[in-house]
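Coordinates from data_13.cif are shown below (mmCIF, C-alpha atoms and all ligand atoms).
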```
data_run
#
loop_
_atom_site.group_PDB
_atom_site.id
_atom_site.type_symbol
_atom_site.label_atom_id
_atom_site.label_comp_id
_atom_site.auth_asym_id
_atom_site.auth_seq_id
_atom_site.Cartn_x
_atom_site.Cartn_y
_atom_site.Cartn_z
ATOM 1 C CA MET A 279 -48.073 64.346 29.177
ATOM 2 C CA ALA A 280 -47.000 67.999 29.092
ATOM 3 C CA ASN A 281 -47.126 69.983 32.300
ATOM 4 C CA ALA A 282 -46.634 73.568 33.434
ATOM 5 C CA LEU A 283 -42.947 73.420 32.501
ATOM 6 C CA GLY A 284 -43.770 72.224 29.006
ATOM 7 C CA ASN A 285 -40.550 70.279 28.575
ATOM 8 C CA GLU A 286 -40.925 67.695 31.296
ATOM 9 C CA THR A 287 -43.317 64.822 31.629
ATOM 10 C CA ALA A 288 -45.849 64.851 34.485
ATOM 11 C CA THR A 289 -43.944 61.833 35.809
ATOM 12 C CA ASP A 290 -40.811 63.943 36.331
ATOM 13 C CA PHE A 291 -42.872 66.843 37.636
ATOM 14 C CA TYR A 292 -44.006 64.952 40.740
ATOM 15 C CA GLN A 293 -40.717 63.114 41.412
ATOM 16 C CA SER A 294 -39.788 65.413 44.313
ATOM 17 C CA ASN A 295 -43.172 64.730 45.963
ATOM 18 C CA ALA A 296 -42.612 60.978 45.602
ATOM 19 C CA THR A 297 -39.144 61.265 47.158
ATOM 20 C CA GLU A 298 -40.458 63.441 49.987
ATOM 21 C CA LEU A 299 -43.293 60.976 50.627
ATOM 22 C CA GLN A 300 -40.848 58.088 50.965
ATOM 23 C CA GLN A 301 -38.388 60.018 53.142
ATOM 24 C CA ASP A 302 -40.702 62.079 55.357
ATOM 25 C CA GLY A 303 -43.862 59.986 55.078
ATOM 26 C CA ILE A 304 -45.881 62.992 53.884
ATOM 27 C CA THR A 305 -46.040 65.376 50.933
ATOM 28 C CA ILE A 306 -48.298 68.347 50.199
ATOM 29 C CA ILE A 307 -49.552 69.663 46.845
ATOM 30 C CA PRO A 308 -51.107 73.100 47.478
ATOM 31 C CA ASP A 309 -53.741 74.808 45.285
ATOM 32 C CA TYR A 310 -54.610 71.796 43.143
ATOM 33 C CA TYR A 311 -58.380 72.353 43.209
ATOM 34 C CA THR A 312 -59.931 75.824 42.944
ATOM 35 C CA TYR A 313 -61.904 77.486 45.702
ATOM 36 C CA GLU A 314 -65.056 77.134 43.523
ATOM 37 C CA GLN A 315 -64.540 73.384 43.118
ATOM 38 C CA CYS A 316 -64.010 72.955 46.867
ATOM 39 C CA HIS A 317 -67.040 75.047 47.696
ATOM 40 C CA SER A 318 -69.152 72.967 45.345
ATOM 41 C CA TYR A 319 -67.885 69.690 46.895
ATOM 42 C CA LYS A 320 -68.535 71.059 50.364
ATOM 43 C CA GLN A 321 -72.118 71.868 49.378
ATOM 44 C CA LEU A 322 -72.588 68.381 47.910
ATOM 45 C CA SER A 323 -71.191 66.886 51.113
ATOM 46 C CA GLU A 324 -73.522 68.933 53.288
ATOM 47 C CA LYS A 325 -76.490 67.927 51.145
ATOM 48 C CA LEU A 326 -75.534 64.268 51.387
ATOM 49 C CA PHE A 327 -75.099 64.555 55.143
ATOM 50 C CA ALA A 328 -78.540 66.199 55.521
ATOM 51 C CA GLU A 329 -80.181 63.554 53.305
ATOM 52 C CA ARG A 330 -78.639 60.670 55.201
ATOM 53 C CA LEU A 331 -79.533 62.235 58.528
ATOM 54 C CA ALA A 332 -83.142 62.657 57.348
ATOM 55 C CA SER A 333 -83.209 58.988 56.298
ATOM 56 C CA GLY A 334 -82.360 57.963 59.866
ATOM 57 C CA ARG A 335 -78.642 57.329 59.480
ATOM 58 C CA GLY A 336 -76.756 57.862 62.762
ATOM 59 C CA PHE A 337 -73.631 60.011 62.795
ATOM 60 C CA ASN A 338 -70.886 60.483 65.319
ATOM 61 C CA HIS A 339 -71.286 63.870 67.008
ATOM 62 C CA ASP A 340 -67.604 64.727 66.677
ATOM 63 C CA CYS A 341 -66.787 63.582 63.148
ATOM 64 C CA PRO A 342 -69.640 62.712 60.807
ATOM 65 C CA TYR A 343 -68.358 60.779 57.810
ATOM 66 C CA ILE A 344 -69.859 59.215 54.682
ATOM 67 C CA ASN A 345 -68.252 56.188 53.068
ATOM 68 C CA SER A 346 -67.906 55.776 49.282
ATOM 69 C CA PRO A 347 -69.548 59.156 48.498
ATOM 70 C CA PHE A 348 -69.474 58.380 44.741
ATOM 71 C CA ARG A 349 -72.213 55.842 45.523
ATOM 72 C CA HIS A 350 -74.531 58.771 46.249
ATOM 73 C CA ASN A 351 -73.210 61.372 43.816
ATOM 74 C CA GLU A 352 -71.089 60.592 40.764
ATOM 75 C CA LYS A 353 -69.224 63.898 40.986
ATOM 76 C CA PHE A 354 -67.101 62.328 43.723
ATOM 77 C CA PHE A 355 -65.615 59.924 41.164
ATOM 78 C CA ASP A 356 -63.629 62.836 39.726
ATOM 79 C CA LEU A 357 -61.715 63.368 42.971
ATOM 80 C CA LEU A 358 -60.444 59.796 43.121
ATOM 81 C CA ASP A 359 -58.598 60.054 39.841
ATOM 82 C CA ASN A 360 -56.289 63.055 39.769
ATOM 83 C CA GLU A 361 -52.905 63.583 38.180
ATOM 84 C CA PRO A 362 -50.739 64.163 41.315
ATOM 85 C CA VAL A 363 -52.096 61.014 42.981
ATOM 86 C CA GLU A 364 -51.737 59.007 39.769
ATOM 87 C CA GLN A 365 -48.146 60.116 39.243
ATOM 88 C CA ILE A 366 -46.923 60.011 42.837
ATOM 89 C CA LEU A 367 -48.553 56.733 43.904
ATOM 90 C CA GLY A 368 -47.708 55.248 40.518
ATOM 91 C CA LYS A 369 -44.062 55.674 41.565
ATOM 92 C CA VAL A 370 -44.143 54.783 45.259
ATOM 93 C CA LEU A 371 -46.543 51.827 44.784
ATOM 94 C CA ASP A 372 -46.766 50.814 41.141
ATOM 95 C CA PRO A 373 -48.949 51.993 38.247
ATOM 96 C CA ASP A 374 -51.587 49.314 38.948
ATOM 97 C CA PHE A 375 -52.388 50.692 42.410
ATOM 98 C CA VAL A 376 -56.046 50.729 43.575
ATOM 99 C CA LEU A 377 -58.452 52.483 45.925
ATOM 100 C CA ILE A 378 -59.032 50.660 49.211
ATOM 101 C CA ASN A 379 -61.572 53.015 50.787
ATOM 102 C CA THR A 380 -62.739 56.617 50.567
ATOM 103 C CA ASN A 381 -64.895 58.826 52.769
ATOM 104 C CA ILE A 382 -65.840 62.423 53.313
ATOM 105 C CA ILE A 383 -65.303 63.600 56.865
ATOM 106 C CA ASN A 384 -66.380 66.763 58.643
ATOM 107 C CA ARG A 385 -64.336 66.777 61.836
ATOM 108 C CA ARG A 386 -66.679 69.152 63.614
ATOM 109 C CA SER A 387 -68.716 68.811 66.796
ATOM 110 C CA TYR A 388 -72.476 68.796 66.300
ATOM 111 C CA LYS A 389 -74.132 69.109 69.678
ATOM 112 C CA ASP A 390 -77.664 68.744 68.317
ATOM 113 C CA LEU A 391 -77.383 65.506 66.321
ATOM 114 C CA PRO A 392 -79.752 62.697 67.352
ATOM 115 C CA PRO A 393 -78.141 60.048 69.609
ATOM 116 C CA SER A 394 -76.024 57.517 67.707
ATOM 117 C CA ASP A 395 -73.814 54.571 68.606
ATOM 118 C CA ASN A 396 -71.387 55.468 65.781
ATOM 119 C CA THR A 397 -67.947 55.538 67.407
ATOM 120 C CA GLY A 398 -66.368 57.816 64.810
ATOM 121 C CA ILE A 399 -63.053 57.501 63.030
ATOM 122 C CA GLY A 400 -59.549 58.758 63.594
ATOM 123 C CA MET A 401 -60.245 60.274 67.004
ATOM 124 C CA ASN A 402 -57.112 58.793 68.641
ATOM 125 C CA TRP A 403 -53.540 57.953 67.588
ATOM 126 C CA HIS A 404 -53.480 55.122 65.059
ATOM 127 C CA THR A 405 -52.090 54.061 61.708
ATOM 128 C CA ASP A 406 -54.026 52.787 58.684
ATOM 129 C CA SER A 407 -51.293 50.270 57.850
ATOM 130 C CA ARG A 408 -51.588 46.531 58.627
ATOM 131 C CA TYR A 409 -50.060 44.419 61.406
ATOM 132 C CA LEU A 410 -48.839 40.828 61.379
ATOM 133 C CA GLY A 411 -47.552 39.115 64.497
ATOM 134 C CA GLY A 412 -47.984 42.424 66.315
ATOM 135 C CA LYS A 413 -45.530 44.162 63.983
ATOM 136 C CA ARG A 414 -46.543 46.847 61.520
ATOM 137 C CA MET A 415 -45.882 46.254 57.835
ATOM 138 C CA GLN A 416 -43.051 48.278 56.382
ATOM 139 C CA ALA A 417 -43.495 51.870 55.214
ATOM 140 C CA GLY A 418 -44.841 52.268 51.702
ATOM 141 C CA LEU A 419 -47.594 49.625 51.923
ATOM 142 C CA SER A 420 -50.475 52.048 51.358
ATOM 143 C CA PHE A 421 -51.168 55.771 51.403
ATOM 144 C CA ILE A 422 -53.869 58.194 52.566
ATOM 145 C CA VAL A 423 -54.824 61.113 50.338
ATOM 146 C CA ILE A 424 -56.631 64.110 51.839
ATOM 147 C CA ILE A 425 -58.387 66.616 49.585
ATOM 148 C CA MET A 426 -59.303 69.680 51.661
ATOM 149 C CA PHE A 427 -62.756 71.168 50.918
ATOM 150 C CA ASP A 428 -62.307 73.735 53.723
ATOM 151 C CA ASP A 429 -59.083 75.440 54.782
ATOM 152 C CA PHE A 430 -57.492 73.201 57.455
ATOM 153 C CA THR A 431 -56.285 75.584 60.187
ATOM 154 C CA ALA A 432 -55.349 75.517 63.864
ATOM 155 C CA HIS A 433 -59.008 76.408 64.568
ATOM 156 C CA ASN A 434 -60.875 73.558 62.877
ATOM 157 C CA ALA A 435 -59.304 70.301 64.070
ATOM 158 C CA PRO A 436 -56.472 69.723 61.590
ATOM 159 C CA THR A 437 -55.061 66.210 61.236
ATOM 160 C CA MET A 438 -52.094 65.621 63.578
ATOM 161 C CA TYR A 439 -49.123 63.352 62.816
ATOM 162 C CA VAL A 440 -45.864 62.229 64.401
ATOM 163 C CA PRO A 441 -43.006 63.066 62.003
ATOM 164 C CA LYS A 442 -41.053 60.065 60.671
ATOM 165 C CA SER A 443 -43.276 57.590 62.536
ATOM 166 C CA HIS A 444 -43.892 55.778 59.214
ATOM 167 C CA LEU A 445 -40.414 54.297 59.787
ATOM 168 C CA ARG A 446 -41.427 52.644 63.092
ATOM 169 C CA TYR A 447 -42.891 49.152 63.453
ATOM 170 C CA ASP A 448 -44.737 49.457 66.771
ATOM 171 C CA ARG A 449 -48.265 50.692 67.448
ATOM 172 C CA PRO A 450 -48.982 54.129 68.901
ATOM 173 C CA GLU A 451 -50.787 54.279 72.228
ATOM 174 C CA ARG A 452 -54.212 55.608 71.373
ATOM 175 C CA HIS A 453 -54.426 58.210 74.127
ATOM 176 C CA ALA A 454 -50.757 59.208 74.508
ATOM 177 C CA ASP A 455 -49.465 62.743 74.116
ATOM 178 C CA TYR A 456 -46.857 62.610 71.332
ATOM 179 C CA PRO A 457 -44.790 65.493 69.929
ATOM 180 C CA HIS A 458 -46.546 66.110 66.628
ATOM 181 C CA LYS A 459 -47.137 68.415 63.677
ATOM 182 C CA THR A 460 -50.471 69.446 62.203
ATOM 183 C CA VAL A 461 -51.627 69.270 58.591
ATOM 184 C CA THR A 462 -52.852 72.735 57.641
ATOM 185 C CA GLY A 463 -53.505 74.233 54.214
ATOM 186 C CA LYS A 464 -55.933 76.059 51.977
ATOM 187 C CA ALA A 465 -59.031 74.406 50.517
ATOM 188 C CA GLY A 466 -57.927 72.645 47.336
ATOM 189 C CA THR A 467 -54.724 71.292 48.909
ATOM 190 C CA ILE A 468 -53.899 67.609 48.403
ATOM 191 C CA VAL A 469 -51.950 65.858 51.175
ATOM 192 C CA ILE A 470 -50.544 62.357 50.730
ATOM 193 C CA TYR A 471 -49.167 60.458 53.708
ATOM 194 C CA ASP A 472 -47.911 56.963 54.373
ATOM 195 C CA SER A 473 -50.691 54.935 56.027
ATOM 196 C CA GLY A 474 -48.092 53.834 58.602
ATOM 197 C CA ILE A 475 -47.573 57.353 59.938
ATOM 198 C CA TRP A 476 -48.981 57.821 63.436
ATOM 199 C CA HIS A 477 -51.874 60.224 63.076
ATOM 200 C CA ARG A 478 -55.246 61.316 64.429
ATOM 201 C CA GLY A 479 -57.760 64.125 64.041
ATOM 202 C CA SER A 480 -57.424 67.021 66.489
ATOM 203 C CA PRO A 481 -60.334 67.363 68.924
ATOM 204 C CA SER A 482 -63.385 68.644 67.062
ATOM 205 C CA THR A 483 -64.415 72.294 67.217
ATOM 206 C CA PRO A 484 -67.719 73.964 66.261
ATOM 207 C CA ASN A 485 -66.100 74.905 62.915
ATOM 208 C CA ASP A 486 -66.502 72.941 59.690
ATOM 209 C CA ARG A 487 -63.566 70.919 58.394
ATOM 210 C CA TRP A 488 -64.809 69.033 55.354
ATOM 211 C CA GLY A 489 -62.424 66.906 53.324
ATOM 212 C CA LEU A 490 -62.159 63.675 51.355
ATOM 213 C CA PHE A 491 -59.929 60.997 52.934
ATOM 214 C CA SER A 492 -58.997 58.077 50.643
ATOM 215 C CA LEU A 493 -56.783 55.051 51.222
ATOM 216 C CA TYR A 494 -54.891 53.671 48.202
ATOM 217 C CA GLY A 495 -52.790 50.519 48.059
ATOM 218 C CA PRO A 496 -51.238 47.912 45.760
ATOM 219 C CA TRP A 497 -53.498 45.969 43.369
ATOM 220 C CA PHE A 498 -53.391 42.854 45.578
ATOM 221 C CA MET A 499 -54.807 44.578 48.670
ATOM 222 C CA LYS A 500 -58.499 44.002 49.447
ATOM 223 C CA PRO A 501 -60.877 46.958 49.176
ATOM 224 C CA TYR A 502 -63.178 47.676 52.115
ATOM 225 C CA TYR A 503 -66.200 47.190 49.824
ATOM 226 C CA ARG A 504 -67.043 45.190 46.658
ATOM 227 C CA PHE A 505 -67.141 48.157 44.315
ATOM 228 C CA THR A 506 -68.385 46.291 41.223
ATOM 229 C CA GLU A 507 -71.411 44.961 43.091
ATOM 230 C CA MET A 508 -71.892 48.337 44.752
ATOM 231 C CA LEU A 509 -72.128 50.099 41.381
ATOM 232 C CA GLY A 510 -73.384 47.316 39.124
ATOM 233 C CA GLU A 511 -71.375 45.903 36.209
ATOM 234 C CA ASP A 512 -72.843 48.251 33.590
ATOM 235 C CA LYS A 513 -71.936 51.348 35.588
ATOM 236 C CA MET A 514 -68.479 50.007 36.415
ATOM 237 C CA ASN A 515 -67.755 49.183 32.764
ATOM 238 C CA SER A 516 -68.827 52.664 31.670
ATOM 239 C CA LEU A 517 -66.193 54.384 33.850
ATOM 240 C CA SER A 518 -62.823 55.557 32.528
ATOM 241 C CA PRO A 519 -60.112 52.863 32.419
ATOM 242 C CA ARG A 520 -58.278 54.606 35.269
ATOM 243 C CA LEU A 521 -61.361 54.621 37.510
ATOM 244 C CA GLN A 522 -62.074 50.988 36.659
ATOM 245 C CA ARG A 523 -58.523 50.122 37.658
ATOM 246 C CA LEU A 524 -58.832 52.119 40.913
ATOM 247 C CA LEU A 525 -62.112 50.337 41.728
ATOM 248 C CA HIS A 526 -60.532 46.881 41.241
ATOM 249 C CA ASN A 527 -62.282 46.041 37.968
ATOM 250 C CA TYR A 528 -58.959 44.925 36.447
ATOM 251 C CA SER A 529 -57.617 43.099 39.511
ATOM 252 C CA THR A 530 -60.438 40.826 40.658
ATOM 253 C CA PRO A 531 -59.363 37.160 40.845
ATOM 254 C CA PRO A 532 -60.886 34.815 38.232
ATOM 255 C CA ILE A 533 -63.552 32.332 39.312
ATOM 256 C CA ASN A 534 -61.300 29.397 38.408
ATOM 257 C CA ASP A 535 -58.316 28.531 36.215
ATOM 258 C CA ASP A 536 -60.552 27.663 33.230
ATOM 259 C CA ASP A 537 -61.487 31.330 33.217
ATOM 260 C CA ARG A 538 -57.875 32.612 33.511
ATOM 261 C CA GLU A 539 -54.816 31.999 35.674
ATOM 262 C CA TYR A 540 -53.744 35.546 36.473
ATOM 263 C CA THR A 541 -55.386 38.310 38.463
ATOM 264 C CA ILE A 542 -54.618 41.526 36.580
ATOM 265 C CA THR A 543 -56.560 41.749 33.308
ATOM 266 C CA LYS A 544 -55.305 45.183 32.194
ATOM 267 C CA SER A 545 -51.986 46.490 33.438
ATOM 268 C CA PHE A 546 -50.966 50.155 33.577
ATOM 269 C CA SER A 547 -47.284 49.337 34.210
HETATM 270 O O1 LIG A 601 -59.958 63.460 60.281
HETATM 271 C C1 LIG A 601 -58.752 63.392 60.454
HETATM 272 O O2 LIG A 601 -58.048 64.392 60.601
HETATM 273 C C2 LIG A 601 -58.068 62.051 60.558
HETATM 274 C C3 LIG A 601 -58.893 60.926 59.973
HETATM 275 C C4 LIG A 601 -58.273 59.609 60.195
HETATM 276 O O3 LIG A 601 -57.279 59.465 60.825
HETATM 277 C C5 LIG A 601 -58.866 58.413 59.615
HETATM 278 O O4 LIG A 601 -59.930 58.504 58.981
HETATM 279 O O5 LIG A 601 -58.270 57.317 59.767
#
```

Represent the structure contained in this file as structure tokens.
Ligand SMILES: O=C(O)CCC(=O)C(=O)O
Amino acid sequence: MANALGNETATDFYQSNATELQQDGITIIPDYYTYEQCHSYKQLSEKLFAERLASGRGFNHDCPYINSPFRHNEKFFDLLDNEPVEQILGKVLDPDFVLINTNIINRRSYKDLPPSDNTGIGMNWHTDSRYLGGKRMQAGLSFIVIIMFDDFTAHNAPTMYVPKSHLRYDRPERHADYPHKTVTGKAGTIVIYDSGIWHRGSPSTPNDRWGLFSLYGPWFMKPYYRFTEMLGEDKMNSLSPRLQRLLHNYSTPPINDDDREYTITKSFS
């Protein structure tokens, strides 16, 4: 596919991001979405939040979030499948990689929300990698992608991370005070980081900080939800091949070996 340089493939175009992601555990693609697109997604998110609140759904007062937003509005499908993510994760994972989970988060304090027992997400130091025998899996297992709908600044609870911590194998202490950097950028910025990097949201402020946070991993990793049943087979089969792949429609195990003996039914490798 041609890109801005005209003489390179998109694959080459994002090579430096892939290298940076592996070395530093994080890479940033500024200005990918326009201000208008971000504004429109922020409005959709606010509408969804208001609707779910009105239907009695409880939200954490310091970071309301909505899982699988494409379930409520199909426009969110478009954000899951974008060229930088496809190219970069296609290199650092492999081209059959999938979506594990996605949610919109507004890390903002809402003092007037009704009481809720929702404990929130990402409020303390953690990783989104996996642990076996108390030891974290190696770097490169899975990746978080942030799409900023608002500018992320020092004044609206930017994500914090500990540089190079994707190369460690221990767990962060949830409430420790680690030397860290913050993830700031303009609305429309895409940030990709290794799920093993130690990270957390900054303490919430009264200011909005809407964004989409998605976890992607290799085709053999379980999703948080059964997307085909969530959407229905007809809807799933009507999506683009790339979205179907991301939503595990080409990597669901067969019912038995009379059906087939392999898991992947359509490979993008
Ligand atoms: O909202 C943030 O800045 C961090 C979110 C997070 O760490 C998570 O969802 O796991």

| Which is closest to Lys464 in chain A among A:Pro436, A:Pro450, A:Pro441, A:Pro481, if we use only C-alpha atoms? |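 Under the stated criterion, the closest residue is A:Pro436.
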
| If you measure from CA of His433 in chain A to CA of Thr405 in chain A, what distance in Å do you get, rounded to one decimal? | 23.6 Å

| request: List the residues matched by the PyMOL selection byres (((chain A and resi 375) around 8) and not hetatm) in the displayed structure as a PyMOL selection string, ordered by chain and then by residue number. | output: chain A and resi 367-368+371-374+376-377+494-497+523-524

| message | Neighbours of ligand LIG 601 (chain A) at 9 Å or closer, counting all atoms listed in the file: which residues, as a PyMOL selection string? | response | chain A and resi 341+343+381+383-385+398-406+422+424+435-438+461+473+476-480+487-489+491-493

| Between A:Gln321, A:Phe354, A:Asn515, A:Phe498, which is the closest to Tyr540 in chain A once you count all atoms listed in the file? | A:Phe498

Could you build a table of the residues in range 380-442 of chain A lying no more than 8 Å from range 314-317 of chain A, giving for each the nearest pair of atoms and their separation in Å rounded to one decimal place, using only C-alpha atoms, ordered by chain and ascending residue number, as a Markdown table?
```
| residue | atom | partner | partner_atom | distance |
| --- | --- | --- | --- | --- |
| A:Met426 | CA | A:Cys316 | CA | 7.5 |
| A:Phe427 | CA | A:Cys316 | CA | 4.6 |
| A:Asp428 | CA | A:Cys316 | CA | 7.1 |
```
